[in-house]
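Peer 1: So here's data_25.txt (compact mmCIF, C-alpha atoms and all ligand atoms).
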# COMPACT_ATOMS: atom_id res chain seq x y z
CA MET Z 22 5.98 30.33 -0.15
CA ARG Z 23 4.86 28.49 2.96
CA ILE Z 24 3.99 24.88 2.15
CA GLY Z 25 2.20 22.36 4.34
CA VAL Z 26 3.07 18.64 4.17
CA LEU Z 27 0.99 15.71 5.46
CA THR Z 28 1.02 11.92 5.27
CA GLY Z 29 -2.37 10.14 5.40
CA GLY Z 30 -3.74 6.59 5.45
CA GLY Z 31 -1.77 3.44 6.25
CA ASP Z 32 1.92 4.30 6.58
CA CYS Z 33 4.55 2.68 4.37
CA PRO Z 34 8.34 2.62 4.05
CA GLY Z 35 9.55 5.62 2.05
CA LEU Z 36 7.28 8.35 3.46
CA ASN Z 37 10.19 9.99 5.28
CA ALA Z 38 12.28 9.90 2.11
CA VAL Z 39 9.57 11.94 0.32
CA ILE Z 40 9.34 14.47 3.16
CA ARG Z 41 13.13 14.85 3.19
CA ALA Z 42 13.34 15.42 -0.59
CA VAL Z 43 10.47 17.95 -0.57
CA VAL Z 44 12.04 19.98 2.24
CA ARG Z 45 15.66 19.73 1.06
CA LYS Z 46 14.88 20.93 -2.47
CA GLY Z 47 12.17 23.35 -1.36
CA VAL Z 48 14.47 25.15 1.06
CA SER Z 49 17.83 24.95 -0.69
CA VAL Z 50 16.75 25.45 -4.32
CA TYR Z 51 13.55 27.52 -4.02
CA GLY Z 52 13.87 29.19 -0.61
CA HIS Z 53 10.40 28.03 0.52
CA GLU Z 54 9.30 27.44 4.12
CA PHE Z 55 7.50 24.34 5.39
CA VAL Z 56 5.08 23.34 8.07
CA GLY Z 57 4.28 19.73 8.96
CA PHE Z 58 0.66 18.73 9.62
CA ARG Z 59 0.31 15.90 12.10
CA ASP Z 60 -1.55 12.64 11.48
CA GLY Z 61 -2.92 12.99 7.97
CA TRP Z 62 -6.03 15.14 7.47
CA ARG Z 63 -6.43 15.42 11.26
CA GLY Z 64 -3.55 17.96 11.23
CA PRO Z 65 -5.12 20.61 8.98
CA LEU Z 66 -8.57 19.82 10.39
CA GLU Z 67 -7.50 20.54 13.97
CA GLY Z 68 -4.69 22.95 13.17
CA GLU Z 69 -2.04 20.61 14.60
CA THR Z 70 1.34 21.43 13.15
CA MET Z 71 5.02 20.73 13.73
CA PRO Z 72 8.17 22.47 12.55
CA LEU Z 73 9.53 21.12 9.28
CA ASP Z 74 12.93 22.48 8.26
CA ILE Z 75 16.19 20.95 7.04
CA GLN Z 76 17.20 20.08 10.61
CA ALA Z 77 13.92 18.17 11.12
CA VAL Z 78 14.55 15.96 8.08
CA ARG Z 79 18.18 15.08 8.81
CA GLY Z 80 18.81 11.32 9.08
CA ILE Z 81 15.28 10.21 8.14
CA LEU Z 82 15.94 8.81 4.63
CA PRO Z 83 16.20 5.14 5.73
CA ARG Z 84 13.68 5.37 8.55
CA GLY Z 85 10.31 3.57 8.21
CA GLY Z 86 6.99 5.14 9.24
CA THR Z 87 6.48 8.89 9.01
CA ILE Z 88 7.84 11.66 11.23
CA LEU Z 89 4.53 13.49 10.66
CA GLY Z 90 2.33 10.65 11.90
CA SER Z 91 -0.68 9.34 9.97
CA SER Z 92 -4.38 8.60 10.39
CA ARG Z 93 -7.41 7.56 8.40
CA THR Z 94 -9.31 10.76 9.32
CA ASN Z 95 -11.78 11.63 6.57
CA PRO Z 96 -12.59 15.39 6.72
CA ILE Z 97 -15.26 15.04 4.03
CA LYS Z 98 -17.34 12.93 6.44
CA ILE Z 99 -17.06 15.58 9.17
CA GLU Z 100 -19.62 18.40 9.23
CA GLY Z 101 -17.87 21.61 8.12
CA GLY Z 102 -14.57 19.68 7.76
CA VAL Z 103 -13.48 21.25 4.47
CA ASP Z 104 -14.15 24.80 5.70
CA ARG Z 105 -12.22 24.13 8.89
CA ILE Z 106 -9.25 22.92 6.84
CA LYS Z 107 -9.38 26.02 4.65
CA GLU Z 108 -9.52 28.30 7.71
CA ASN Z 109 -6.61 26.51 9.42
CA LEU Z 110 -4.48 26.64 6.27
CA ALA Z 111 -5.14 30.38 6.00
CA SER Z 112 -4.42 31.04 9.67
CA SER Z 113 -1.11 29.14 9.53
CA GLY Z 114 -0.19 31.15 6.42
CA VAL Z 115 -0.03 28.04 4.24
CA ASP Z 116 -0.15 28.78 0.50
CA ALA Z 117 -0.06 25.20 -0.76
CA LEU Z 118 -0.24 21.64 0.50
CA ILE Z 119 1.62 18.45 -0.42
CA ALA Z 120 -0.53 15.45 0.49
CA ILE Z 121 1.26 12.10 0.53
CA GLY Z 122 -1.20 9.23 0.55
CA GLY Z 123 -3.14 6.47 -1.15
CA GLU Z 124 -6.54 6.51 -2.85
CA ASP Z 125 -8.38 7.85 0.22
CA THR Z 126 -5.96 10.67 1.11
CA LEU Z 127 -5.63 11.67 -2.55
CA GLY Z 128 -9.41 11.45 -3.01
CA VAL Z 129 -9.77 14.05 -0.24
CA ALA Z 130 -6.99 16.11 -1.88
CA ARG Z 131 -8.93 16.10 -5.14
CA GLN Z 132 -12.11 17.28 -3.42
CA LEU Z 133 -10.20 20.04 -1.59
CA PHE Z 134 -8.65 21.12 -4.89
CA ASP Z 135 -12.15 21.38 -6.37
CA ARG Z 136 -12.97 23.68 -3.44
CA GLY Z 137 -10.01 26.00 -3.99
CA VAL Z 138 -7.14 24.43 -2.00
CA GLN Z 139 -3.77 24.49 -3.81
CA VAL Z 140 -2.67 20.91 -3.42
CA VAL Z 141 -0.25 18.46 -5.05
CA GLY Z 142 -0.45 14.71 -4.34
CA VAL Z 143 2.24 12.06 -3.91
CA PRO Z 144 1.11 8.43 -4.25
CA LYS Z 145 2.08 5.98 -1.52
CA THR Z 146 0.82 2.54 -0.62
CA ILE Z 147 2.28 -0.90 -0.16
CA ASP Z 148 -0.76 -2.16 -2.13
CA ASN Z 149 0.43 -0.63 -5.46
CA ASP Z 150 -3.21 -0.17 -6.43
CA LEU Z 151 -3.18 3.44 -7.71
CA SER Z 152 -4.02 3.55 -11.39
CA GLY Z 153 -2.14 6.76 -12.24
CA THR Z 154 1.31 5.39 -11.49
CA ASP Z 155 3.22 2.27 -12.56
CA TYR Z 156 4.53 1.79 -9.00
CA THR Z 157 4.05 3.31 -5.58
CA PHE Z 158 6.92 3.35 -3.09
CA GLY Z 159 6.46 0.94 -0.18
CA PHE Z 160 5.36 -1.85 -2.51
CA ASP Z 161 8.87 -3.09 -3.28
CA THR Z 162 9.73 -3.17 0.43
CA ALA Z 163 6.54 -5.08 1.27
CA VAL Z 164 7.19 -7.59 -1.53
CA ASN Z 165 10.75 -8.17 -0.32
CA ILE Z 166 9.60 -8.71 3.27
CA ALA Z 167 6.93 -11.17 2.10
CA THR Z 168 9.37 -12.96 -0.22
CA GLU Z 169 11.83 -13.49 2.60
CA ALA Z 170 9.02 -14.86 4.75
CA ILE Z 171 7.98 -17.28 1.98
CA ASP Z 172 11.59 -18.48 1.58
CA ARG Z 173 11.67 -19.23 5.30
CA LEU Z 174 8.31 -21.00 5.21
CA HIS Z 175 9.57 -23.33 2.44
CA THR Z 176 12.31 -24.83 4.63
CA THR Z 177 10.20 -25.42 7.71
CA ALA Z 178 7.28 -26.75 5.62
CA GLU Z 179 9.62 -29.38 4.08
CA SER Z 180 10.82 -30.55 7.51
CA HIS Z 181 7.30 -31.15 8.80
CA HIS Z 182 5.46 -32.14 5.60
CA ARG Z 183 2.87 -29.42 6.15
CA ALA Z 184 1.02 -27.07 3.87
CA LEU Z 185 1.96 -23.55 4.91
CA ILE Z 186 -0.15 -20.53 4.02
CA CYS Z 187 1.21 -17.01 4.00
CA GLU Z 188 -1.45 -14.27 4.21
CA VAL Z 189 -0.29 -10.93 2.83
CA MET Z 190 -1.85 -7.46 2.66
CA GLY Z 191 -2.97 -5.59 -0.46
CA ARG Z 192 -6.60 -4.78 0.27
CA HIS Z 193 -8.64 -5.34 -2.95
CA ALA Z 194 -5.59 -5.79 -5.18
CA GLY Z 195 -3.43 -8.89 -5.42
CA TRP Z 196 -0.13 -7.19 -6.32
CA ILE Z 197 1.80 -8.08 -3.16
CA ALA Z 198 0.58 -11.69 -3.29
CA LEU Z 199 1.38 -11.99 -7.00
CA HIS Z 200 4.90 -10.54 -6.80
CA ALA Z 201 5.94 -12.14 -3.51
CA GLY Z 202 4.34 -15.44 -4.51
CA MET Z 203 6.17 -15.48 -7.84
CA ALA Z 204 9.47 -14.41 -6.30
CA GLY Z 205 9.11 -16.95 -3.50
CA GLY Z 206 8.07 -19.86 -5.73
CA ALA Z 207 4.64 -20.32 -4.16
CA ASN Z 208 2.63 -23.35 -5.32
CA VAL Z 209 -0.65 -21.46 -5.17
CA ILE Z 210 -1.31 -17.71 -5.21
CA LEU Z 211 -4.81 -16.46 -4.43
CA ILE Z 212 -5.79 -12.88 -5.22
CA PRO Z 213 -9.00 -10.85 -4.85
CA GLU Z 214 -9.30 -10.32 -8.60
CA LYS Z 215 -10.01 -14.01 -9.22
CA PRO Z 216 -12.31 -15.86 -6.80
CA PHE Z 217 -10.69 -19.22 -6.08
CA ASP Z 218 -12.10 -22.70 -6.41
CA ILE Z 219 -11.33 -24.53 -3.17
CA ASP Z 220 -11.49 -27.94 -4.93
CA ARG Z 221 -8.78 -26.80 -7.32
CA VAL Z 222 -6.67 -25.37 -4.47
CA CYS Z 223 -6.85 -28.74 -2.69
CA GLU Z 224 -5.81 -30.52 -5.91
CA TYR Z 225 -2.74 -28.28 -6.09
CA VAL Z 226 -1.95 -29.04 -2.45
CA GLU Z 227 -2.24 -32.79 -2.98
CA SER Z 228 -0.24 -32.78 -6.20
CA ARG Z 229 2.57 -30.87 -4.48
CA PHE Z 230 2.65 -33.40 -1.63
CA ARG Z 231 2.85 -36.23 -4.21
CA THR Z 232 6.15 -34.72 -5.46
CA ARG Z 233 7.41 -35.13 -1.86
CA TYR Z 234 7.62 -31.37 -1.46
CA SER Z 235 5.41 -29.28 0.80
CA PRO Z 236 2.98 -26.77 -0.66
CA ILE Z 237 3.33 -23.06 0.08
CA LEU Z 238 0.21 -21.01 -0.57
CA VAL Z 239 0.23 -17.22 -0.70
CA VAL Z 240 -3.15 -15.65 -0.11
CA ALA Z 241 -3.97 -11.96 -0.40
CA GLU Z 242 -6.08 -10.70 2.52
CA GLY Z 243 -8.83 -9.72 0.07
CA ALA Z 244 -8.96 -13.10 -1.74
CA HIS Z 245 -12.24 -14.98 -1.53
CA PRO Z 246 -13.68 -18.27 -2.80
CA ILE Z 247 -16.25 -18.71 -5.55
CA GLU Z 248 -19.61 -17.79 -4.06
CA GLY Z 249 -21.15 -20.43 -1.84
CA GLN Z 250 -18.00 -22.55 -1.42
CA MET Z 251 -16.92 -21.36 2.06
CA GLU Z 252 -18.53 -19.23 4.74
CA LEU Z 253 -16.73 -15.90 5.31
CA GLN Z 254 -17.00 -13.44 8.19
CA ALA Z 255 -17.69 -9.73 7.54
CA GLY Z 256 -15.22 -7.22 9.04
CA GLU Z 257 -15.58 -3.69 10.50
CA LEU Z 258 -15.57 -0.53 8.33
CA ASP Z 259 -13.12 2.40 8.61
CA ALA Z 260 -13.83 6.16 8.09
CA PHE Z 261 -13.54 5.72 4.32
CA GLY Z 262 -15.99 2.79 4.34
CA HIS Z 263 -13.31 0.13 3.77
CA VAL Z 264 -13.79 -3.20 5.40
CA ARG Z 265 -10.95 -4.35 7.69
CA LEU Z 266 -9.62 -7.43 5.95
CA GLY Z 267 -7.77 -10.43 7.32
CA GLY Z 268 -8.52 -13.99 8.34
CA ILE Z 269 -8.84 -15.69 4.97
CA GLY Z 270 -5.57 -17.61 5.57
CA GLU Z 271 -6.92 -19.22 8.73
CA MET Z 272 -10.20 -20.18 7.03
CA LEU Z 273 -8.28 -21.64 4.12
CA ALA Z 274 -6.08 -23.72 6.43
CA LYS Z 275 -9.13 -25.23 8.15
CA GLU Z 276 -10.77 -26.04 4.81
CA ILE Z 277 -7.59 -27.64 3.40
CA GLU Z 278 -7.17 -29.79 6.51
CA LYS Z 279 -10.81 -30.86 6.35
CA ARG Z 280 -10.67 -31.73 2.67
CA THR Z 281 -7.17 -33.24 2.31
CA GLY Z 282 -6.45 -34.58 5.79
CA LYS Z 283 -3.04 -32.84 5.64
CA GLU Z 284 -1.87 -30.41 8.30
CA ALA Z 285 -2.17 -26.78 7.10
CA ARG Z 286 -0.97 -23.77 9.09
CA THR Z 287 -1.13 -20.03 8.46
CA THR Z 288 1.28 -17.14 8.98
CA VAL Z 289 -0.26 -13.68 8.76
CA LEU Z 290 2.44 -11.13 7.89
CA GLY Z 291 0.23 -8.13 8.71
CA HIS Z 292 1.90 -4.84 9.59
CA ILE Z 293 5.40 -6.33 9.38
CA GLN Z 294 5.00 -5.63 5.64
CA ARG Z 295 4.57 -1.92 6.38
CA GLY Z 296 7.26 -1.37 8.98
CA GLY Z 297 10.99 -0.84 8.90
CA THR Z 298 13.47 0.55 6.44
CA PRO Z 299 12.60 0.97 2.73
CA THR Z 300 14.47 -0.91 0.01
CA ALA Z 301 16.87 1.05 -2.21
CA PHE Z 302 14.23 1.02 -4.99
CA ASP Z 303 11.64 2.61 -2.69
CA ARG Z 304 14.09 5.17 -1.31
CA VAL Z 305 14.96 6.30 -4.83
CA LEU Z 306 11.34 6.35 -6.04
CA ALA Z 307 10.17 8.23 -2.93
CA THR Z 308 13.01 10.75 -3.28
CA ARG Z 309 12.23 11.33 -6.96
CA PHE Z 310 8.51 11.77 -6.14
CA GLY Z 311 9.41 14.34 -3.47
CA LEU Z 312 11.64 16.31 -5.84
CA GLN Z 313 8.95 16.34 -8.52
CA ALA Z 314 6.21 17.29 -6.02
CA ILE Z 315 8.05 20.41 -4.86
CA ASP Z 316 8.70 21.33 -8.49
CA ALA Z 317 4.96 21.00 -9.20
CA VAL Z 318 4.11 23.29 -6.27
CA HIS Z 319 6.78 25.79 -7.29
CA GLU Z 320 5.36 25.86 -10.82
CA GLY Z 321 1.78 26.20 -9.54
CA GLU Z 322 0.64 22.89 -11.07
CA TYR Z 323 -2.02 22.21 -8.45
CA GLY Z 324 -4.58 19.42 -8.64
CA THR Z 325 -1.90 17.05 -9.89
CA MET Z 326 -0.23 13.92 -8.54
CA VAL Z 327 3.33 12.88 -9.32
CA ALA Z 328 3.55 9.44 -10.91
CA LEU Z 329 6.01 6.92 -12.31
CA ARG Z 330 5.56 6.06 -16.00
CA GLY Z 331 8.28 3.69 -17.14
CA THR Z 332 11.36 5.32 -15.64
CA ASP Z 333 10.06 8.91 -15.84
CA ILE Z 334 8.37 10.88 -13.10
CA VAL Z 335 5.38 12.69 -14.61
CA ARG Z 336 2.36 14.65 -13.34
CA VAL Z 337 -1.20 13.39 -13.75
CA GLY Z 338 -4.50 14.97 -12.73
CA LEU Z 339 -5.68 13.98 -9.23
CA ASP Z 340 -9.04 13.04 -10.76
CA GLU Z 341 -7.39 10.62 -13.20
CA ALA Z 342 -5.13 9.27 -10.45
CA THR Z 343 -8.02 8.44 -8.12
CA ALA Z 344 -10.61 7.40 -10.71
CA GLU Z 345 -10.17 3.65 -10.36
CA LEU Z 346 -8.13 1.01 -8.57
CA LYS Z 347 -5.29 -0.65 -10.42
CA THR Z 348 -5.88 -4.37 -10.06
CA VAL Z 349 -3.99 -7.41 -11.33
CA PRO Z 350 -4.90 -8.17 -14.97
CA ALA Z 351 -5.87 -11.76 -15.84
CA SER Z 352 -2.78 -12.08 -18.08
CA ARG Z 353 -0.41 -11.33 -15.18
CA TYR Z 354 -2.15 -13.92 -12.99
CA ALA Z 355 -1.93 -16.47 -15.80
CA GLU Z 356 1.87 -16.08 -15.78
CA ALA Z 357 1.96 -17.10 -12.12
CA GLU Z 358 -0.49 -20.00 -12.63
CA VAL Z 359 2.09 -21.85 -14.77
CA PHE Z 360 3.89 -22.68 -11.50
CA PHE Z 361 0.88 -23.79 -9.44
CA GLY Z 362 0.68 -27.28 -7.95
O1 LIG X 1 -3.53 0.14 2.34
C1 LIG X 1 -2.47 -0.40 3.05
C2 LIG X 1 -2.92 -1.48 3.99
O2 LIG X 1 -1.80 -2.00 4.65
C3 LIG X 1 -3.74 -2.60 3.34
O3 LIG X 1 -2.92 -3.53 2.67
C4 LIG X 1 -4.48 -3.15 4.53
O4 LIG X 1 -5.71 -3.75 4.15
C5 LIG X 1 -4.74 -1.93 5.35
O5 LIG X 1 -3.79 -0.96 4.97
C6 LIG X 1 -4.65 -2.17 6.83
O6 LIG X 1 -4.97 -1.00 7.48
P1 LIG X 1 -4.79 -0.74 9.04
O7 LIG X 1 -3.32 -0.55 9.29
O8 LIG X 1 -5.55 0.49 9.30
O9 LIG X 1 -5.31 -1.95 9.73
As structure tokens, how would this structure be written, given the file I've shared?
Peer 2:
Amino acid sequence: MRIGVLTGGGDCPGLNAVIRAVVRKGVSVYGHEFVGFRDGWRGPLEGETMPLDIQAVRGILPRGGTILGSSRTNPIKIEGGVDRIKENLASSGVDALIAIGGEDTLGVARQLFDRGVQVVGVPKTIDNDLSGTDYTFGFDTAVNIATEAIDRLHTTAESHHRALICEVMGRHAGWIALHAGMAGGANVILIPEKPFDIDRVCEYVESRFRTRYSPILVVAEGAHPIEGQMELQAGELDAFGHVRLGGIGEMLAKEIEKRTGKEARTTVLGHIQRGGTPTAFDRVLATRFGLQAIDAVHEGEYGTMVALRGTDIVRVGLDEATAELKTVPASRYAEAEVFFG
């Protein structure tokens, strides 16, 4: 078989580990051939390919980013996009596609499957917000980067008696904030799933200062106050209609300073959470996903996504996998709240 591989959406550590596993097993165990599509759905849409053989995947296991490149191109929004993809797949002799991506990339994969494309999905995102899988690779790396940052903020905050805010990614899910905040001993964690009460946040800040320690607040980029409490700015939209988030940390700092009279400063971790080498956990998960994805293609189980359930790698329908976002349940947030203030 000739199999196309692409990586779409925001990159994350572990993408190269998936590509390597797919190609290594595909070539050496099944004797398949591969072609890489560049920059997510832009590759099959514009027929932009690159060679993908064992030589091309040597040495990439620990490397961050993706050798295939990525983009947020949405072919469904482009007139005739799906037909162009089907034509380009046929003309490059591609029998099946492995699409590695988050909810947007896999949502497109599902629609292409409905229109006759033989596709298998692999979930990736630092946000860990895909409902079909217990974990996505990239998340553990992002949490470790954020935790290290929080540890560092603690020591400098103590020296200067400041409130320090760490803004993390995660889009509309608070998983990175919850895990990094818990691991880093944050005094307040704010997540999109639970609109925060700024009066309560300021009480936590003041109570922490009273213990002669400095408060560390972790805020997810998608967190927001109870309606009417603070004025927020609206961001731009991407090709999938998602708003570009960011800036809540700065707004929070200003509000805390205004209300408590204490100095509050913000560090936005941004794309640092997405770059660099994956943790061992993410390398193993990504490798196992890659192995299972090539098995699924070999067995003709199209329209599926590989997923982690407990410690097993299973296959779930792409429709089930992309049906809804996996957000932080109230009970998980309540565990973290025990340590607030
Ligand atoms: O989905 C991954 C993610 O890093 C989100 O946490 C964040 O909101 C978004 O991508 C940022 O996207 P971009 O890199 O396009 O600004």
Peer 1: Around ligand LIG 1 (chain X), which protein and nucleic acid residues have at least one atom no more than 8 Å from it, if we count only C-alpha atoms and all ligand atoms? List them as a tab-separated table (two decimals) with C-alpha atoms, in the coordinates of the input.
Peer 2:
chain	number	residue	atom	x	y	z
Z	30	GLY	CA	-3.74	6.59	5.45
Z	31	GLY	CA	-1.77	3.44	6.25
Z	32	ASP	CA	1.92	4.30	6.58
Z	33	CYS	CA	4.55	2.68	4.37
Z	93	ARG	CA	-7.41	7.56	8.40
Z	123	GLY	CA	-3.14	6.47	-1.15
Z	146	THR	CA	0.82	2.54	-0.62
Z	147	ILE	CA	2.28	-0.90	-0.16
Z	148	ASP	CA	-0.76	-2.16	-2.13
Z	189	VAL	CA	-0.29	-10.93	2.83
Z	190	MET	CA	-1.85	-7.46	2.66
Z	191	GLY	CA	-2.97	-5.59	-0.46
Z	192	ARG	CA	-6.60	-4.78	0.27
Z	193	HIS	CA	-8.64	-5.34	-2.95
Z	242	GLU	CA	-6.08	-10.70	2.52
Z	243	GLY	CA	-8.83	-9.72	0.07
Z	259	ASP	CA	-13.12	2.40	8.61
Z	265	ARG	CA	-10.95	-4.35	7.69
Z	266	LEU	CA	-9.62	-7.43	5.95
Z	267	GLY	CA	-7.77	-10.43	7.32
Z	291	GLY	CA	0.23	-8.13	8.71
Z	292	HIS	CA	1.90	-4.84	9.59
Z	294	GLN	CA	5.00	-5.63	5.64
Z	295	ARG	CA	4.57	-1.92	6.38
Peer 1: Rounded to one decimal, what separation in Å do you get between atom CA of Gln139 of chain Z and atom CA of Tyr323 of chain Z?
Peer 2: 5.5 Å
Peer 1: Under the rule that all atoms listed in the file are counted, which of Z:Val359, Z:Val289, Z:Ala328, Z:Leu118 is the nearest residue to Ala307 of chain Z?
Peer 2: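 Ranking Z:Val359, Z:Val289, Z:Ala328, Z:Leu118 by distance to Ala307 of chain Z, first place goes to Z:Ala328.
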Peer 1: Just the residues within 10 Å of segment 336-350 of chain Z, please, counting only C-alpha atoms, with nothing from its chain fewer than 3 positions along; format it as a PyMOL selection string.
Peer 2: chain Z and resi 123-132+134-135+140-144+148-155+193-196+199+212-215+310+313-314+317+322-330+333+353-355
Peer 1: Could you check which of Z:Asp220, Z:Glu188, Z:Glu320, Z:Glu179 is closest to Met22 of chain Z, using only C-alpha atoms?
Peer 2: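 Closest candidate: Z:Glu320.
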